[in-house]
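Visitor: Supplied in structure tokens, the structure appears directly below.
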Amino acid sequence: LPSFTEGFPGALLEAMAEGHVTIGGQTLKLGRFTVLATQNPVEQEGIYRLPAAQIDRFMLKVLVPQPSKGELKAIARRQRFRDSRPKASKVATLADIEYIRRGAEAIPMDEAIEDYILNIVTAAEENSTFKQHIAYFAYTRAVLSMNQAARIHALMIGRAWVSPADVRAVAHLVLRHRIVLNYQAQGNGMTPDQIIERVFELVPIPRRDGRTVVN
């Protein structure tokens, strides 16, 4: 990817969205790939912020906490005894990953769950309580990502259908990097995860005849 993106700022964005790049009028198809990126939570001086359109291409944002004292001790020991450092090993082939992906896509989703996802994604944009705290919300692909992530979560815990619990389990991962708070909200110590928790309180869990749909 680096050779494609040099001098073509939109090439990576095209690759992430379309699975191909265009150079000099020629379209080059890419195989399956995953883009992983890290973000410094301390400061961003001298670093260009990614545009919202590109942030929206990332499916999930995972928060990595600071290491505990025990973990710091283990890190220090590994630095001293280099032979004790953990070594990565292959646990799955591309064929295995493709098989899992197809299995997740095949998991059915009730229309009520589809509407539940839509209501969660749009609540932060439509509700005046939330809008006063949000600078902008890049939610173009949020519904697609949450549909996929909820199916994957159901598959991971061994269920053959998607429940509201699956949606809530992945909502923070899907939405937190798409919600950008304004300066006032940031100054008050508010976080996107707090907005998402309040959305959960606002959006009712789908029910039929008093029972949770596919719980």
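Ordering of the structure tokens sets the chain letters (A, B, ...); residue numbers start at 1 within each chain; ligands are numbered from 1 in the order shown.
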Within stretch 91-186 of chain A, find each residue whose DSSP state, derived from the backbone, is strand (DSSP E), and express the selection as a list in words.
Guide: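 Answer for stretch 91-186 of chain A restricted to strand (DSSP E) is Ile134, Ala135, Tyr136, Phe137, Ile179, Val180 and Leu181 of chain A.
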Visitor: Using only C-alpha atoms, which protein or nucleic acid residues come within 9 Å of A:Ala138? Drop anything in the same chain fewer than 3 positions from it, and give the result as JSON, numbers by chain.
Guide: {"A": [52, 53, 55, 56, 141, 142, 175, 177, 178, 179, 180]}
